[in-house]
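Peer 1: File start26.cif follows (mmCIF, C-alpha atoms):
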```
data_start
#
loop_
_atom_site.group_PDB
_atom_site.id
_atom_site.type_symbol
_atom_site.label_atom_id
_atom_site.label_comp_id
_atom_site.auth_asym_id
_atom_site.auth_seq_id
_atom_site.Cartn_x
_atom_site.Cartn_y
_atom_site.Cartn_z
ATOM 1 C CA GLY A 1 7.091 -8.810 -8.174
ATOM 2 C CA ARG A 2 6.331 -6.825 -5.103
ATOM 3 C CA GLN A 3 2.989 -5.454 -6.287
ATOM 4 C CA THR A 4 2.036 -7.866 -9.038
ATOM 5 C CA ALA A 5 1.111 -11.091 -7.284
ATOM 6 C CA GLY A 6 -0.675 -11.966 -4.086
ATOM 7 C CA ARG A 7 2.344 -12.840 -2.009
ATOM 8 C CA GLY A 8 1.745 -10.520 0.932
ATOM 9 C CA GLY A 9 -0.514 -12.864 2.802
ATOM 10 C CA GLY A 10 -3.896 -14.432 2.879
ATOM 11 C CA ARG A 11 -4.556 -17.569 0.885
ATOM 12 C CA GLY A 12 -1.359 -17.679 -1.205
ATOM 13 C CA GLY A 13 -0.654 -21.282 -2.150
ATOM 14 C CA ARG A 14 -3.962 -22.696 -0.897
ATOM 15 C CA ALA A 15 -6.403 -24.456 -3.177
ATOM 16 C CA VAL A 16 -8.793 -22.272 -5.170
ATOM 17 C CA ASP A 17 -11.729 -21.318 -2.978
ATOM 18 C CA THR A 18 -15.228 -21.679 -4.382
ATOM 19 C CA LYS A 19 -16.863 -19.635 -1.606
ATOM 20 C CA ASN A 20 -18.378 -16.243 -2.180
ATOM 21 C CA PRO A 21 -15.422 -13.881 -2.920
ATOM 22 C CA LYS A 22 -16.645 -11.402 -0.314
ATOM 23 C CA ASP A 23 -16.643 -14.134 2.350
ATOM 24 C CA VAL A 24 -13.127 -15.206 1.366
ATOM 25 C CA LEU A 25 -11.888 -11.604 1.518
ATOM 26 C CA ARG A 26 -13.594 -11.030 4.857
ATOM 27 C CA GLU A 27 -11.983 -14.183 6.284
ATOM 28 C CA ASP A 28 -8.549 -13.246 4.925
ATOM 29 C CA LEU A 29 -8.660 -9.569 5.848
ATOM 30 C CA MET A 30 -10.425 -9.801 9.192
ATOM 31 C CA THR A 31 -9.194 -13.172 10.515
ATOM 32 C CA ASP A 32 -5.819 -13.978 8.916
ATOM 33 C CA ARG A 33 -4.431 -10.491 8.240
ATOM 34 C CA PRO A 34 -4.500 -8.992 11.777
ATOM 35 C CA GLY A 35 -1.726 -11.414 12.775
ATOM 36 C CA MET A 36 0.465 -10.294 9.872
ATOM 37 C CA TRP A 37 2.848 -7.357 9.464
ATOM 38 C CA PRO A 38 0.549 -4.327 8.993
ATOM 39 C CA LEU A 39 2.435 -2.945 5.980
ATOM 40 C CA SER A 40 2.153 -6.137 3.895
ATOM 41 C CA CYS A 41 0.467 -6.165 0.552
ATOM 42 C CA TYR A 42 -2.448 -8.555 0.026
ATOM 43 C CA GLY A 43 -3.694 -10.549 -2.887
ATOM 44 C CA LYS A 44 -6.190 -13.390 -2.874
ATOM 45 C CA GLY A 45 -4.325 -16.596 -3.708
ATOM 46 C CA ASP A 46 -2.131 -16.148 -6.757
ATOM 47 C CA GLU A 47 -4.149 -13.209 -8.037
ATOM 48 C CA PRO A 48 -2.737 -9.667 -8.298
ATOM 49 C CA CYS A 49 -2.606 -7.587 -5.150
ATOM 50 C CA LEU A 50 -5.702 -5.748 -4.008
ATOM 51 C CA LEU A 51 -3.781 -3.928 -1.283
ATOM 52 C CA GLY A 52 -0.456 -2.518 -2.343
ATOM 53 C CA GLY A 53 2.160 -0.598 -0.467
ATOM 54 C CA ASP A 54 4.315 -3.477 0.715
ATOM 55 C CA THR A 55 7.056 -2.405 3.156
ATOM 56 C CA CYS A 56 8.899 -5.029 5.143
ATOM 57 C CA PHE A 57 10.224 -4.541 8.659
ATOM 58 C CA GLU A 58 13.833 -4.466 7.418
ATOM 59 C CA GLU A 59 13.091 -1.664 4.936
ATOM 60 C CA LEU A 60 11.361 0.351 7.638
ATOM 61 C CA ARG A 61 14.274 -0.174 10.026
ATOM 62 C CA TRP A 62 16.791 0.825 7.346
ATOM 63 C CA VAL A 63 14.881 3.990 6.354
ATOM 64 C CA THR A 64 14.524 4.998 10.019
ATOM 65 C CA GLY A 65 18.264 4.585 10.587
ATOM 66 C CA ALA A 66 19.191 6.298 7.330
ATOM 67 C CA ALA A 67 16.879 9.211 8.142
ATOM 68 C CA ALA A 68 18.464 9.630 11.578
ATOM 69 C CA SER A 69 21.971 9.503 10.096
ATOM 70 C CA ARG A 70 20.984 12.319 7.693
ATOM 71 C CA GLY A 71 19.661 14.516 10.485
ATOM 72 C CA ILE A 72 16.003 13.809 9.755
ATOM 73 C CA ASP A 73 13.837 13.256 12.809
ATOM 74 C CA PRO A 74 12.971 9.508 12.896
ATOM 75 C CA ASN A 75 9.539 10.496 14.230
ATOM 76 C CA GLN A 76 8.750 11.576 10.660
ATOM 77 C CA VAL A 77 9.245 7.953 9.589
ATOM 78 C CA PHE A 78 7.068 6.730 12.461
ATOM 79 C CA ALA A 79 4.337 9.242 11.572
ATOM 80 C CA LYS A 80 4.402 8.153 7.919
ATOM 81 C CA THR A 81 4.287 4.491 9.030
ATOM 82 C CA HIS A 82 1.214 5.158 11.165
ATOM 83 C CA GLU A 83 -0.406 7.067 8.282
ATOM 84 C CA PHE A 84 0.212 4.151 5.911
ATOM 85 C CA ILE A 85 -1.144 1.591 8.397
ATOM 86 C CA GLN A 86 -4.290 3.707 8.857
ATOM 87 C CA GLY A 87 -4.611 4.021 5.066
ATOM 88 C CA LYS A 88 -4.383 0.251 4.645
ATOM 89 C CA GLU A 89 -7.053 -0.268 7.321
ATOM 90 C CA THR A 90 -9.294 2.249 5.533
ATOM 91 C CA ASP A 91 -8.747 0.406 2.236
ATOM 92 C CA ILE A 92 -9.679 -2.905 3.884
ATOM 93 C CA ARG A 93 -12.926 -1.469 5.253
ATOM 94 C CA ALA A 94 -13.752 0.017 1.840
ATOM 95 C CA ILE A 95 -13.093 -3.256 -0.013
ATOM 96 C CA LEU A 96 -15.206 -5.238 2.448
ATOM 97 C CA ASN A 97 -18.060 -2.741 2.083
ATOM 98 C CA PHE A 98 -18.155 -2.845 -1.723
ATOM 99 C CA PRO A 99 -21.477 -4.105 -3.077
ATOM 100 C CA MET A 100 -20.996 -7.549 -4.669
ATOM 101 C CA GLN A 101 -21.168 -6.220 -8.251
ATOM 102 C CA GLN A 102 -18.529 -3.563 -7.541
ATOM 103 C CA LEU A 103 -16.312 -6.123 -5.790
ATOM 104 C CA LYS A 104 -16.578 -8.442 -8.790
ATOM 105 C CA GLN A 105 -15.617 -5.577 -11.109
ATOM 106 C CA VAL A 106 -12.635 -4.658 -8.893
ATOM 107 C CA LEU A 107 -11.440 -8.277 -8.770
ATOM 108 C CA ASP A 108 -11.813 -8.628 -12.555
ATOM 109 C CA ASN A 109 -10.002 -5.329 -13.228
ATOM 110 C CA ALA A 110 -7.158 -6.260 -10.859
ATOM 111 C CA ARG A 111 -6.857 -9.742 -12.392
ATOM 112 C CA GLU A 112 -6.701 -8.279 -15.913
ATOM 113 C CA GLY A 113 -4.138 -5.619 -14.978
ATOM 114 C CA ARG A 114 -6.458 -2.646 -15.539
ATOM 115 C CA MET A 115 -6.249 -1.404 -11.973
ATOM 116 C CA ALA A 116 -3.445 -0.684 -9.546
ATOM 117 C CA PRO A 117 -3.715 -2.022 -5.998
ATOM 118 C CA ALA A 118 -5.231 0.259 -3.363
ATOM 119 C CA GLY A 119 -2.457 2.152 -1.616
ATOM 120 C CA ALA A 120 0.204 1.105 -4.129
ATOM 121 C CA ALA A 121 2.129 4.331 -3.498
ATOM 122 C CA ARG A 122 2.301 3.756 0.285
ATOM 123 C CA ILE A 123 5.833 2.376 0.355
ATOM 124 C CA ILE A 124 8.465 3.321 2.891
ATOM 125 C CA ASP A 125 11.811 3.003 1.157
ATOM 126 C CA HIS A 126 14.951 4.910 0.143
ATOM 127 C CA ALA A 127 12.979 7.180 -2.210
ATOM 128 C CA MET A 128 11.421 8.859 0.823
ATOM 129 C CA LEU A 129 14.862 10.090 1.853
ATOM 130 C CA SER A 130 15.449 11.844 -1.447
ATOM 131 C CA GLY A 131 11.930 13.290 -1.625
ATOM 132 C CA VAL A 132 11.538 11.812 -5.130
ATOM 133 C CA PRO A 133 8.385 9.680 -5.403
ATOM 134 C CA GLN A 134 8.844 6.411 -7.240
ATOM 135 C CA GLN A 135 6.265 4.677 -9.399
ATOM 136 C CA PRO A 136 5.124 1.473 -7.645
ATOM 137 C CA MET A 137 6.003 -1.703 -9.541
ATOM 138 C CA GLY A 138 3.277 -2.739 -11.935
ATOM 139 C CA GLN A 139 1.588 0.668 -12.006
ATOM 140 C CA GLN A 140 1.768 2.934 -14.999
ATOM 141 C CA PRO A 141 1.546 6.734 -14.601
ATOM 142 C CA GLY A 142 -2.070 7.839 -14.753
ATOM 143 C CA MET A 143 -3.375 4.308 -14.104
ATOM 144 C CA PRO A 144 -6.534 4.291 -11.977
ATOM 145 C CA GLY A 145 -6.176 2.965 -8.476
ATOM 146 C CA MET A 146 -8.503 0.473 -6.871
ATOM 147 C CA MET A 147 -10.557 3.170 -5.222
ATOM 148 C CA GLY A 148 -11.003 4.861 -8.607
ATOM 149 C CA GLN A 149 -8.649 7.776 -8.073
ATOM 150 C CA GLN A 150 -6.806 8.853 -11.174
ATOM 151 C CA GLN A 151 -3.170 9.478 -10.427
ATOM 152 C CA PRO A 152 -1.858 12.016 -12.949
ATOM 153 C CA GLY A 153 1.664 10.951 -13.855
ATOM 154 C CA SER A 154 2.663 10.125 -10.293
ATOM 155 C CA PRO A 155 1.283 7.892 -7.585
ATOM 156 C CA TYR A 156 1.528 10.916 -5.292
ATOM 157 C CA GLY A 157 -0.564 13.249 -7.455
ATOM 158 C CA ALA A 158 0.669 16.482 -8.995
ATOM 159 C CA ALA A 159 4.175 17.708 -8.331
ATOM 160 C CA PRO A 160 4.399 19.857 -5.192
ATOM 161 C CA GLN A 161 4.453 23.592 -5.779
ATOM 162 C CA GLN A 162 6.640 24.318 -2.740
ATOM 163 C CA PRO A 163 9.825 22.581 -1.625
ATOM 164 C CA GLN A 164 9.079 19.423 0.322
ATOM 165 C CA GLY A 165 11.013 17.712 3.077
ATOM 166 C CA ALA A 166 11.999 14.072 2.881
ATOM 167 C CA PHE A 167 8.580 12.903 4.120
ATOM 168 C CA GLY A 168 6.270 15.442 2.511
ATOM 169 C CA GLY A 169 6.491 18.238 5.088
ATOM 170 C CA ALA A 170 8.400 21.487 5.008
ATOM 171 C CA PRO A 171 12.134 21.034 4.466
ATOM 172 C CA GLN A 172 14.159 20.695 7.651
ATOM 173 C CA GLN A 173 16.556 23.545 8.349
ATOM 174 C CA GLN A 174 20.013 22.493 9.487
ATOM 175 C CA GLN A 175 20.809 23.844 12.929
ATOM 176 C CA GLN A 176 24.062 25.722 13.171
#
```
Would you mind giving the structure from this file in structure tokens?
Peer 2:
Amino acid sequence: GRQTAGRGGGRGGRAVDTKNPKDVLREDLMTDRPGMWPLSCYGKGDEPCLLGGDTCFEELRWVTGAAASRGIDPNQVFAKTHEFIQGKETDIRAILNFPMQQLKQVLDNAREGRMAPAGAARIIDHAMLSGVPQQPMGQQPGMPGMMGQQQPGSPYGAAPQQPQGAFGGAPQQQQQ
């Protein structure tokens, strides 16, 4: 599954590492990951993802083209992409700064399925065009995220009170 196993990068397929988990994460996230696609998920080895929000280049290209064909400014897609990349970088810094006991608890909770990956809702896909948020694979409504945030019924928080555009802003008015 897209969010359920560590297939986005890092040590997938390598032998189990007996080093300090923080050192392994630092090596993966600071050495290996910068050369990877910035919107990839990440999980250590065959463990569940710690960083969610996996969007491949082809999905991003398709959404950008589909948005343009529907009269939506493609810059909205680019802005959302940049926001998601920044969010993933923030998540990486947070994970690497966890005290060892907290990191162990996070790894255990992720391994046992009690925690959704950080940024699991940061996915650029067809749902963005309809303005209907989708539940990331492997995450139940209301399940706590890695950073501890409770997500009431939706990975995007409470339902918006005002009409939203395709990418969370005000709806676009059609020009006549």
Peer 1: At what distance in Å, to one decimal, does atom CA of A:Ile123 lie from atom CA of A:Trp62?
Peer 2: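 Between atom CA of A:Trp62 and atom CA of A:Ile123 the gap is 13.1 Å.
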Peer 1: If the PyMOL selection byres ((chain A and resi 83-98) around 8) were run on this exact file, what residues would it hold? Put them as a list in words.
Peer 2: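 For this structure, the PyMOL selection byres ((chain A and resi 83-98) around 8) resolves to Lys22, Leu25, Arg26, Leu29, Pro38, Leu39, Leu51, Ala79, Lys80, Thr81, His82, Pro99, Met100, Gln101, Gln102, Leu103, Ala118, Gly119 and Arg122 of chain A.
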Peer 1: Just to confirm, what's the straight-line distance from atom CA of A:Gly53 to atom CA of A:Cys41 in Å (one decimal)?
Peer 2: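 Separating atom CA of A:Gly53 from atom CA of A:Cys41 is a distance of 5.9 Å.
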Peer 1: Figure out the distance between atom CA of A:Thr55 and atom CA of A:Trp37, please, to one decimal in Å.
Peer 2: 9.1 Å
Peer 1: Calculated over only C-alpha atoms, which of the candidates A:Gly52, A:Gly43, A:Pro21, A:Pro34 has the smallest distance to A:Arg111?
Peer 2: A:Gly43
Peer 1: Around all the atoms of stretch 47-60 of chain A listed in the file, with 4 Å of room on each side, what axis-aligned box do you get, giving centre and edge lengths in Å to one decimal, as lines of an AutoDock Vina configuration file?
Peer 2:
```
center_x = 4.1
center_y = -6.4
center_z = 0.2
size_x = 27.5
size_y = 21.6
size_z = 25.0
```
Peer 1: Quick one: of A:Ser69, A:Ala110, A:Pro74, A:Glu59, who's nearest to A:Ala127, counting only C-alpha atoms?
Peer 2: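 Of A:Ser69, A:Ala110, A:Pro74, A:Glu59, the one nearest A:Ala127 is A:Glu59, counting only C-alpha atoms.
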Peer 1: Tell me which protein, DNA and RNA residues are within 12 Å of A:Gly65, counting only C-alpha atoms, leaving out same-chain ones fewer than 3 positions away, and put them as a PyMOL selection string.
Peer 2: chain A and resi 58-62+68-78+125-126+129
Peer 1: Mind dumping the selected residues with C-alpha atoms as a PDB file, keeping the file's coordinate frame?
Peer 2:
```pdb
ATOM      1  CA  GLU A  58      13.833  -4.466   7.418  1.00  0.00           C
ATOM      2  CA  GLU A  59      13.091  -1.664   4.936  1.00  0.00           C
ATOM      3  CA  LEU A  60      11.361   0.351   7.638  1.00  0.00           C
ATOM      4  CA  ARG A  61      14.274  -0.174  10.026  1.00  0.00           C
ATOM      5  CA  TRP A  62      16.791   0.825   7.346  1.00  0.00           C
ATOM      6  CA  ALA A  68      18.464   9.630  11.578  1.00  0.00           C
ATOM      7  CA  SER A  69      21.971   9.503  10.096  1.00  0.00           C
ATOM      8  CA  ARG A  70      20.984  12.319   7.693  1.00  0.00           C
ATOM      9  CA  GLY A  71      19.661  14.516  10.485  1.00  0.00           C
ATOM     10  CA  ILE A  72      16.003  13.809   9.755  1.00  0.00           C
ATOM     11  CA  ASP A  73      13.837  13.256  12.809  1.00  0.00           C
ATOM     12  CA  PRO A  74      12.971   9.508  12.896  1.00  0.00           C
ATOM     13  CA  ASN A  75       9.539  10.496  14.230  1.00  0.00           C
ATOM     14  CA  GLN A  76       8.750  11.576  10.660  1.00  0.00           C
ATOM     15  CA  VAL A  77       9.245   7.953   9.589  1.00  0.00           C
ATOM     16  CA  PHE A  78       7.068   6.730  12.461  1.00  0.00           C
ATOM     17  CA  ASP A 125      11.811   3.003   1.157  1.00  0.00           C
ATOM     18  CA  HIS A 126      14.951   4.910   0.143  1.00  0.00           C
ATOM     19  CA  LEU A 129      14.862  10.090   1.853  1.00  0.00           C
TER      20      LEU A 129
END
```
Peer 1: Using only C-alpha atoms for the distances, tell me which of A:Glu112, A:Ile124, A:Asp28, A:Ser130 is nearest to A:Glu47.
Peer 2: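 Checking each of A:Glu112, A:Ile124, A:Asp28, A:Ser130 against A:Glu47, counting only C-alpha atoms, the winner is A:Glu112.
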Peer 1: Restricting the calculation to only C-alpha atoms: of A:Gly45, A:Cys56, A:Val63, A:Pro117, which residue gets closest to A:Val24?
Peer 2: A:Gly45
Peer 1: Which one of A:Met128, A:Thr64, A:Cys49, A:Lys44 sits closest to A:Asp32 if you count all atoms listed in the file?
Peer 2: A:Lys44
Peer 1: Pick from A:Ala67, A:Met36, A:Glu27, A:Leu50: nearest to A:Val106, with all atoms listed in the file counted?
Peer 2: A:Leu50
Peer 1: Got a minute to add all heavy atoms to stretch 91-102 of chain A and dump it as a tab-separated table (two decimals), in the coordinates of the input?
Peer 2:
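Here's the written file rebuild_15.tsv:
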```tsv
chain	number	residue	atom	x	y	z
A	91	ASP	N	-8.55	1.14	3.49
A	91	ASP	CA	-8.75	0.41	2.24
A	91	ASP	C	-9.45	-0.93	2.49
A	91	ASP	O	-10.34	-1.32	1.73
A	91	ASP	CB	-7.40	0.15	1.54
A	91	ASP	CG	-6.74	1.41	1.02
A	91	ASP	OD1	-7.43	2.44	0.86
A	91	ASP	OD2	-5.52	1.36	0.77
A	92	ILE	N	-9.06	-1.62	3.55
A	92	ILE	CA	-9.68	-2.90	3.88
A	92	ILE	C	-11.17	-2.72	4.15
A	92	ILE	O	-12.01	-3.46	3.62
A	92	ILE	CB	-8.98	-3.56	5.09
A	92	ILE	CG1	-7.59	-4.06	4.67
A	92	ILE	CG2	-9.82	-4.71	5.66
A	92	ILE	CD1	-6.71	-4.51	5.83
A	93	ARG	N	-11.51	-1.72	4.97
A	93	ARG	CA	-12.93	-1.47	5.25
A	93	ARG	C	-13.69	-1.15	3.97
A	93	ARG	O	-14.82	-1.63	3.77
A	93	ARG	CB	-13.08	-0.34	6.27
A	93	ARG	CG	-12.76	-0.77	7.69
A	93	ARG	CD	-13.15	0.30	8.71
A	93	ARG	NE	-12.48	1.56	8.52
A	93	ARG	CZ	-11.26	1.86	8.99
A	93	ARG	NH1	-10.60	0.97	9.69
A	93	ARG	NH2	-10.74	3.04	8.79
A	94	ALA	N	-13.08	-0.35	3.09
A	94	ALA	CA	-13.75	0.02	1.84
A	94	ALA	C	-13.99	-1.21	0.97
A	94	ALA	O	-15.09	-1.41	0.45
A	94	ALA	CB	-12.92	1.06	1.09
A	95	ILE	N	-12.96	-2.06	0.82
A	95	ILE	CA	-13.09	-3.26	-0.01
A	95	ILE	C	-14.19	-4.16	0.53
A	95	ILE	O	-15.02	-4.68	-0.21
A	95	ILE	CB	-11.75	-4.01	-0.09
A	95	ILE	CG1	-10.75	-3.22	-0.94
A	95	ILE	CG2	-11.94	-5.42	-0.67
A	95	ILE	CD1	-9.32	-3.73	-0.84
A	96	LEU	N	-14.22	-4.35	1.84
A	96	LEU	CA	-15.21	-5.24	2.45
A	96	LEU	C	-16.62	-4.67	2.38
A	96	LEU	O	-17.59	-5.42	2.49
A	96	LEU	CB	-14.82	-5.56	3.89
A	96	LEU	CG	-13.56	-6.40	4.05
A	96	LEU	CD1	-13.22	-6.57	5.51
A	96	LEU	CD2	-13.69	-7.74	3.34
A	97	ASN	N	-16.74	-3.37	2.18
A	97	ASN	CA	-18.06	-2.74	2.08
A	97	ASN	C	-18.54	-2.55	0.65
A	97	ASN	O	-19.63	-2.05	0.44
A	97	ASN	CB	-18.07	-1.40	2.83
A	97	ASN	CG	-18.06	-1.60	4.33
A	97	ASN	OD1	-18.72	-2.51	4.84
A	97	ASN	ND2	-17.30	-0.79	5.02
A	98	PHE	N	-17.71	-2.94	-0.34
A	98	PHE	CA	-18.16	-2.84	-1.72
A	98	PHE	C	-19.39	-3.71	-1.92
A	98	PHE	O	-19.44	-4.85	-1.44
A	98	PHE	CB	-17.09	-3.36	-2.70
A	98	PHE	CG	-15.92	-2.45	-2.93
A	98	PHE	CD1	-14.74	-2.97	-3.44
A	98	PHE	CD2	-15.97	-1.09	-2.69
A	98	PHE	CE1	-13.64	-2.16	-3.68
A	98	PHE	CE2	-14.89	-0.27	-2.92
A	98	PHE	CZ	-13.72	-0.81	-3.43
A	99	PRO	N	-20.38	-3.21	-2.66
A	99	PRO	CA	-21.48	-4.11	-3.08
A	99	PRO	C	-20.89	-5.23	-3.94
A	99	PRO	O	-19.85	-5.06	-4.58
A	99	PRO	CB	-22.38	-3.20	-3.91
A	99	PRO	CG	-21.98	-1.80	-3.56
A	99	PRO	CD	-20.55	-1.85	-3.13
A	100	MET	N	-21.54	-6.37	-3.97
A	100	MET	CA	-21.00	-7.55	-4.67
A	100	MET	C	-20.64	-7.26	-6.12
A	100	MET	O	-19.59	-7.67	-6.59
A	100	MET	CB	-21.98	-8.71	-4.59
A	100	MET	CG	-21.41	-10.00	-5.17
A	100	MET	SD	-19.84	-10.51	-4.43
A	100	MET	CE	-20.45	-11.16	-2.90
A	101	GLN	N	-21.46	-6.52	-6.85
A	101	GLN	CA	-21.17	-6.22	-8.25
A	101	GLN	C	-19.90	-5.38	-8.38
A	101	GLN	O	-19.08	-5.62	-9.25
A	101	GLN	CB	-22.36	-5.51	-8.92
A	101	GLN	CG	-22.17	-5.29	-10.40
A	101	GLN	CD	-21.94	-6.58	-11.17
A	101	GLN	OE1	-22.49	-7.62	-10.87
A	101	GLN	NE2	-21.09	-6.52	-12.17
A	102	GLN	N	-19.73	-4.40	-7.50
A	102	GLN	CA	-18.53	-3.56	-7.54
A	102	GLN	C	-17.30	-4.39	-7.17
A	102	GLN	O	-16.25	-4.25	-7.80
A	102	GLN	CB	-18.68	-2.38	-6.59
A	102	GLN	CG	-17.48	-1.44	-6.65
A	102	GLN	CD	-17.63	-0.26	-5.70
A	102	GLN	OE1	-18.59	-0.15	-4.94
A	102	GLN	NE2	-16.65	0.63	-5.72
```
